[in-house]
Amino acid sequence: MSMIRDLRAAVRPSSLRPSLRKNSAPYSAYDTTRDPSASSAVVDCAVYRDGRRLVTPATPTPHEAMLQVREEGGFAWIGLHEPTEAEFAGIAREFGLHPLAVEDAVHAHQRPKLERYDDTLFTVFKTIHYVEHAELTATSEVVETGEVMCFTGRDFVITVRHGGQGSLRALRHRLQDDPELLAKGPSAVLHAIADHVVDGYIAVAEAVQDDIDEVEIDVFSTPAKGSARGADAGRIYQLKREVLEFKRAVSPLLRPMQLLSERPMRLIDPDIQKYFRDVADHLARVQEEVLGFDELLNSILQANLAQATVTQNEDMRKITSWAAIIAVPTMICGVYGMNFDYMPELEWKYGYPLVLGVIGVVCFSIHRILKRNGWL
């Protein structure tokens with residue numbers, strides 16, 4: 001992002017930046033040691049002041065972090081992974097989180113959204129991870145979803161993650177390498193998370209495009225001899241279901257990003273707010289791509305079904321042609337198989353070879369006509 005590059009250019013080396021408080025703890029680049037005494041759901045908990053993480057002998061508990069923030073300033077960033085109601089209850093009381101938002105954060109499976117509860121913003125993001133596969137099949141999992149909930153307050157950020165993907169550890173490290181950006185407070189963390197999630201959408205969209213191109217080539221290429229057209233319908237339908245899941249993650253998030261970029265909010269730093277517009281623009285582009293994927297897959301599926309119908313019609317024409325050829329000897333043999341005493345040519349010496357010759361000539365003529373007309 002251009003903002004991050006500009007801010008990095010203005011940052012002096014950390015070794016030249018003195019501590020601004022005599023009584024504050026020294027700064028650390030990063031410290032992600034998990035506190036054994038804290039809730040098992042807490043992945044990391046830290047206090048940031050002037051854009052830098054404070055060093056403590058051990059990772060503080062959420063309660064200790066909040067006390068330090070209230071006494072000395074800065075903000076706390078607490079990261080949790082799939083907390084239970086009991087594990088999250090104490091944090092919810094400590095930070096005054098709304099019960100409805102807490103319920104959504106614990107139980108997950110929420111639609112992307114942005115809600116405001118008093119002095120707290122509650123944002124839900126759907127994370128998307130592309131599942132690598134050697135070959136796309138009718139049962140292949142293409143995308144895997146997770147969730148990141150973010151509680152943003154005046155002096156705290158609480159992130160709740162669900163699912164095995166979408167870890168924020170690398171993002172936290174990148175932000176800690178950019179103290180000028182972190183100095184903007186909790187809104188800078190919210191922006192970084194939104195940008196991180198949308199960048200993930202862009203990467204997944206490119207990978208899904210490759211899968212769609214592969215299916216499209218297979219559908220419109222000449223099938224191998226003996227292979228039936230229409231065999232790709234299962235793959236197309238599975239890919240369409242995965243794109244639909246992708247769409248459910250992307251489309252509802254566009255409006256919240258537009259609100260964060262357009263509507264003034266007390267909890268969002270004005271210098272950060274305008275950069276949400278860039279996130280919204282990227283998200284709008286991804287949404288257009290996903291909608292295009294859906295329409296393209298509809299067209300490919302219809303073309304595949306049409307090809308299957310054409311193949312069936314060709315088979316029916318061949319069956320009908322052979323039935324017409326076989327009808328000639330069947331009719332003649334049926335006539336002479338009747339048990340009448342007075343039938344023409346029954347006593348004739350050359351009657352049998354003549355009938356066989358007539359059958360052969362007529363069948364050969366019908367075969368030539370049908371072959372010339374493309375039925376055989």
# chains A, B, ... in the order shown; residues from 1 in each chain; ligands from 1
call {"tool": "residues_around", "arguments": {"residues": "range 76-79 of chain A", "least_positions_apart": "6", "cutoff": "6 Å", "atoms": "only C-alpha atoms", "output": "PyMOL selection string"}}
result
chain A and resi 42-47+156-159
call {"tool": "residues_around", "arguments": {"residues": "range 245-257 of chain A", "least_positions_apart": "6", "cutoff": "7 Å", "atoms": "only C-alpha atoms", "output": "PyMOL selection string"}}
result
chain A and resi 112-114+126+276+280+283-284+287+290
call {"tool": "write_last_selection", "arguments": {"atoms": "N, CA, C and O atoms", "output": "PDB file, in the first residue's frame"}}
result
ATOM      1  N   PRO A 112     -20.452 -11.317   6.808  1.00  0.00           N
ATOM      2  CA  PRO A 112     -19.598 -10.128   6.941  1.00  0.00           C
ATOM      3  C   PRO A 112     -20.441  -8.879   7.204  1.00  0.00           C
ATOM      4  O   PRO A 112     -21.439  -8.646   6.521  1.00  0.00           O
ATOM      5  N   LYS A 113     -20.031  -8.097   8.178  1.00  0.00           N
ATOM      6  CA  LYS A 113     -20.844  -6.939   8.559  1.00  0.00           C
ATOM      7  C   LYS A 113     -20.022  -5.974   9.395  1.00  0.00           C
ATOM      8  O   LYS A 113     -18.911  -6.272   9.846  1.00  0.00           O
ATOM      9  N   LEU A 114     -20.603  -4.792   9.604  1.00  0.00           N
ATOM     10  CA  LEU A 114     -20.031  -3.759  10.474  1.00  0.00           C
ATOM     11  C   LEU A 114     -21.141  -3.238  11.363  1.00  0.00           C
ATOM     12  O   LEU A 114     -22.174  -2.776  10.859  1.00  0.00           O
ATOM     13  N   LYS A 126     -14.920 -12.552   6.468  1.00  0.00           N
ATOM     14  CA  LYS A 126     -14.795 -13.941   6.045  1.00  0.00           C
ATOM     15  C   LYS A 126     -13.445 -14.107   5.362  1.00  0.00           C
ATOM     16  O   LYS A 126     -13.162 -13.421   4.371  1.00  0.00           O
ATOM     17  N   PHE A 276      -9.279   3.299   3.713  1.00  0.00           N
ATOM     18  CA  PHE A 276     -10.296   2.257   3.574  1.00  0.00           C
ATOM     19  C   PHE A 276     -10.921   2.318   2.175  1.00  0.00           C
ATOM     20  O   PHE A 276     -11.470   1.326   1.699  1.00  0.00           O
ATOM     21  N   ALA A 280     -11.864  -0.735  -0.239  1.00  0.00           N
ATOM     22  CA  ALA A 280     -13.181  -0.895  -0.852  1.00  0.00           C
ATOM     23  C   ALA A 280     -13.072  -1.040  -2.369  1.00  0.00           C
ATOM     24  O   ALA A 280     -13.808  -1.824  -2.981  1.00  0.00           O
ATOM     25  N   LEU A 283     -11.884  -4.488  -3.111  1.00  0.00           N
ATOM     26  CA  LEU A 283     -12.966  -5.438  -2.842  1.00  0.00           C
ATOM     27  C   LEU A 283     -14.007  -5.401  -3.952  1.00  0.00           C
ATOM     28  O   LEU A 283     -14.540  -6.442  -4.357  1.00  0.00           O
ATOM     29  N   ALA A 284     -14.311  -4.196  -4.465  1.00  0.00           N
ATOM     30  CA  ALA A 284     -15.275  -4.076  -5.560  1.00  0.00           C
ATOM     31  C   ALA A 284     -14.765  -4.792  -6.810  1.00  0.00           C
ATOM     32  O   ALA A 284     -15.541  -5.432  -7.529  1.00  0.00           O
ATOM     33  N   GLN A 287     -15.262  -8.445  -6.259  1.00  0.00           N
ATOM     34  CA  GLN A 287     -16.678  -8.794  -6.395  1.00  0.00           C
ATOM     35  C   GLN A 287     -17.079  -8.914  -7.864  1.00  0.00           C
ATOM     36  O   GLN A 287     -17.811  -9.842  -8.254  1.00  0.00           O
ATOM     37  N   VAL A 290     -15.787 -12.210  -9.134  1.00  0.00           N
ATOM     38  CA  VAL A 290     -16.556 -13.356  -8.647  1.00  0.00           C
ATOM     39  C   VAL A 290     -17.895 -13.450  -9.367  1.00  0.00           C
ATOM     40  O   VAL A 290     -18.336 -14.548  -9.737  1.00  0.00           O
TER      41      VAL A 290
END
call {"tool": "closest_residue", "arguments": {"among": "A:Ala89, A:Met66, A:Gln165, A:Ile236", "to": "Leu136 in chain A", "atoms": "only C-alpha atoms"}}
result
A:Ile236
call {"tool": "select_by_dssp", "arguments": {"residues": "range 47-95 of chain A", "states": "strand (DSSP E)", "output": "ChimeraX atom specification"}}
result
/A:47-49,52-54,75-81
call {"tool": "closest_atom_pairs", "arguments": {"of": "range 278-328 of chain A", "to": "range 343-359 of chain A", "cutoff": "12 Å", "atoms": "only C-alpha atoms", "output": "tab-separated table"}}
result
residue	atom	partner	partner_atom	distance
A:Ile325	CA	A:Ile359	CA	9.6
A:Ile326	CA	A:Ile359	CA	9.6
A:Ala327	CA	A:Ile359	CA	10.1
A:Val328	CA	A:Ile359	CA	6.6
call {"tool": "residues_around", "arguments": {"residues": "Val219 in chain A", "least_positions_apart": "2", "cutoff": "7 Å", "atoms": "only C-alpha atoms", "output": "number ranges by chain"}}
result
A: 215-217, 221, 232, 304
call {"tool": "write_last_selection", "arguments": {"atoms": "N, CA and C atoms", "output": "mmCIF file, in the first residue's frame"}}
result
data_model
loop_
_atom_site.group_PDB
_atom_site.id
_atom_site.type_symbol
_atom_site.label_atom_id
_atom_site.label_comp_id
_atom_site.auth_asym_id
_atom_site.auth_seq_id
_atom_site.Cartn_x
_atom_site.Cartn_y
_atom_site.Cartn_z
ATOM 1 N N VAL A 215 -11.258 -25.871 -16.850
ATOM 2 C CA VAL A 215 -12.539 -26.520 -17.148
ATOM 3 C C VAL A 215 -13.060 -26.067 -18.504
ATOM 4 N N GLU A 216 -12.910 -24.784 -18.794
ATOM 5 C CA GLU A 216 -13.399 -24.251 -20.063
ATOM 6 C C GLU A 216 -12.677 -24.905 -21.241
ATOM 7 N N ILE A 217 -11.370 -25.064 -21.119
ATOM 8 C CA ILE A 217 -10.604 -25.714 -22.191
ATOM 9 C C ILE A 217 -11.059 -27.157 -22.375
ATOM 10 N N SER A 221 -12.729 -28.386 -25.917
ATOM 11 C CA SER A 221 -11.756 -29.110 -26.725
ATOM 12 C C SER A 221 -12.396 -30.357 -27.318
ATOM 13 N N ASP A 232 -17.852 -33.539 -17.750
ATOM 14 C CA ASP A 232 -17.313 -32.470 -16.909
ATOM 15 C C ASP A 232 -18.393 -31.749 -16.106
ATOM 16 N N ASN A 304 -21.796 -27.296 -21.866
ATOM 17 C CA ASN A 304 -21.496 -28.701 -21.629
ATOM 18 C C ASN A 304 -22.746 -29.575 -21.757
#
call {"tool": "residues_around", "arguments": {"residues": "Gln273 in chain A", "least_positions_apart": "2", "cutoff": "12 Å", "atoms": "only C-alpha atoms", "output": "PyMOL selection string"}}
result
chain A and resi 3+184+186-192+194+257-271+275-280
call {"tool": "decode", "arguments": {"residues": "range 181-303 of chain A", "atoms": "C-alpha atoms", "output": "short mmCIF file (atom, residue, chain, number, x, y, z; two decimals), in the first residue's frame"}}
result
data_model
loop_
_atom_site.label_atom_id
_atom_site.label_comp_id
_atom_site.auth_asym_id
_atom_site.auth_seq_id
_atom_site.Cartn_x
_atom_site.Cartn_y
_atom_site.Cartn_z
CA LEU A 181 1.48 3.21 11.24
CA LEU A 182 0.75 1.53 14.57
CA ALA A 183 0.95 4.93 16.26
CA LYS A 184 -2.38 5.73 14.58
CA GLY A 185 -4.03 3.42 17.10
CA PRO A 186 -6.65 0.65 16.86
CA SER A 187 -8.05 1.95 13.56
CA ALA A 188 -4.69 1.21 11.92
CA VAL A 189 -5.01 -2.41 13.03
CA LEU A 190 -8.56 -2.61 11.69
CA HIS A 191 -7.43 -1.22 8.35
CA ALA A 192 -4.49 -3.66 8.20
CA ILE A 193 -6.80 -6.61 8.88
CA ALA A 194 -9.28 -5.48 6.21
CA ASP A 195 -6.46 -4.98 3.70
CA HIS A 196 -4.98 -8.37 4.60
CA VAL A 197 -8.32 -10.15 4.11
CA VAL A 198 -9.03 -8.45 0.78
CA ASP A 199 -5.50 -9.20 -0.49
CA GLY A 200 -6.29 -12.83 0.28
CA TYR A 201 -9.44 -12.54 -1.85
CA ILE A 202 -7.39 -11.25 -4.79
CA ALA A 203 -4.95 -14.18 -4.57
CA VAL A 204 -7.79 -16.72 -4.37
CA ALA A 205 -9.60 -15.10 -7.31
CA GLU A 206 -6.51 -15.58 -9.48
CA ALA A 207 -6.27 -19.25 -8.52
CA VAL A 208 -9.98 -19.86 -9.12
CA GLN A 209 -9.63 -18.20 -12.54
CA ASP A 210 -7.01 -20.82 -13.44
CA ASP A 211 -9.41 -23.62 -12.47
CA ILE A 212 -12.19 -22.09 -14.56
CA ASP A 213 -9.86 -21.74 -17.54
CA GLU A 214 -8.90 -25.41 -17.20
CA VAL A 215 -12.54 -26.52 -17.15
CA GLU A 216 -13.40 -24.25 -20.06
CA ILE A 217 -10.60 -25.71 -22.19
CA ASP A 218 -11.70 -29.26 -21.35
CA VAL A 219 -15.33 -28.54 -22.27
CA PHE A 220 -14.63 -26.91 -25.62
CA SER A 221 -11.76 -29.11 -26.73
CA THR A 222 -12.28 -32.12 -28.99
CA PRO A 223 -12.99 -35.16 -26.79
CA ALA A 224 -10.78 -38.19 -26.99
CA LYS A 225 -12.08 -41.12 -28.99
CA GLY A 226 -14.46 -43.17 -26.91
CA SER A 227 -14.93 -40.47 -24.23
CA ALA A 228 -18.38 -39.04 -23.73
CA ARG A 229 -19.11 -35.34 -23.68
CA GLY A 230 -20.91 -34.09 -20.61
CA ALA A 231 -18.52 -35.87 -18.25
CA ASP A 232 -17.31 -32.47 -16.91
CA ALA A 233 -20.72 -31.42 -15.55
CA GLY A 234 -19.85 -32.62 -12.04
CA ARG A 235 -16.62 -30.63 -11.99
CA ILE A 236 -18.35 -27.51 -13.27
CA TYR A 237 -21.11 -27.77 -10.70
CA GLN A 238 -18.64 -28.31 -7.86
CA LEU A 239 -16.61 -25.30 -8.98
CA LYS A 240 -19.80 -23.25 -9.17
CA ARG A 241 -20.66 -24.17 -5.57
CA GLU A 242 -17.19 -23.10 -4.43
CA VAL A 243 -17.52 -19.79 -6.29
CA LEU A 244 -20.87 -19.26 -4.57
CA GLU A 245 -19.17 -19.68 -1.20
CA PHE A 246 -16.53 -17.17 -2.31
CA LYS A 247 -19.30 -14.77 -3.34
CA ARG A 248 -20.95 -15.02 0.09
CA ALA A 249 -17.71 -13.86 1.68
CA VAL A 250 -17.02 -10.97 -0.70
CA SER A 251 -20.34 -9.32 -1.55
CA PRO A 252 -21.65 -8.51 1.98
CA LEU A 253 -18.31 -6.93 2.97
CA LEU A 254 -18.41 -4.21 0.32
CA ARG A 255 -20.95 -2.01 2.11
CA PRO A 256 -19.08 -2.05 5.47
CA MET A 257 -15.84 -1.05 3.72
CA GLN A 258 -17.65 1.79 1.95
CA LEU A 259 -19.04 3.00 5.29
CA LEU A 260 -15.59 2.94 6.87
CA SER A 261 -14.20 4.97 3.98
CA GLU A 262 -17.04 7.49 3.60
CA ARG A 263 -18.73 8.06 6.96
CA PRO A 264 -16.80 9.96 9.67
CA MET A 265 -16.41 7.84 12.80
CA ARG A 266 -14.92 8.78 16.13
CA LEU A 267 -13.11 5.48 16.44
CA ILE A 268 -11.43 5.75 13.03
CA ASP A 269 -8.44 8.06 12.64
CA PRO A 270 -9.04 10.52 9.76
CA ASP A 271 -5.60 9.72 8.34
CA ILE A 272 -6.55 6.03 8.24
CA GLN A 273 -10.13 6.40 7.07
CA LYS A 274 -9.32 7.56 3.57
CA TYR A 275 -7.24 4.42 3.01
CA PHE A 276 -10.30 2.26 3.57
CA ARG A 277 -11.41 3.61 0.18
CA ASP A 278 -8.51 1.74 -1.42
CA VAL A 279 -9.60 -1.46 0.34
CA ALA A 280 -13.18 -0.90 -0.85
CA ASP A 281 -11.96 -0.40 -4.44
CA HIS A 282 -9.99 -3.65 -4.36
CA LEU A 283 -12.97 -5.44 -2.84
CA ALA A 284 -15.27 -4.08 -5.56
CA ARG A 285 -12.90 -5.41 -8.20
CA VAL A 286 -12.88 -8.85 -6.59
CA GLN A 287 -16.68 -8.79 -6.39
CA GLU A 288 -16.89 -8.06 -10.11
CA GLU A 289 -14.53 -10.96 -10.81
CA VAL A 290 -16.56 -13.36 -8.65
CA LEU A 291 -19.81 -12.32 -10.33
CA GLY A 292 -18.08 -12.84 -13.67
CA PHE A 293 -16.95 -16.30 -12.52
CA ASP A 294 -20.55 -17.21 -11.70
CA GLU A 295 -21.86 -16.07 -15.07
CA LEU A 296 -19.00 -17.75 -16.95
CA LEU A 297 -19.58 -21.04 -15.15
CA ASN A 298 -23.29 -20.82 -16.00
CA SER A 299 -22.36 -20.46 -19.68
CA ILE A 300 -19.83 -23.31 -19.51
CA LEU A 301 -22.35 -25.58 -17.80
CA GLN A 302 -25.01 -24.79 -20.40
CA ALA A 303 -22.52 -25.41 -23.22
#
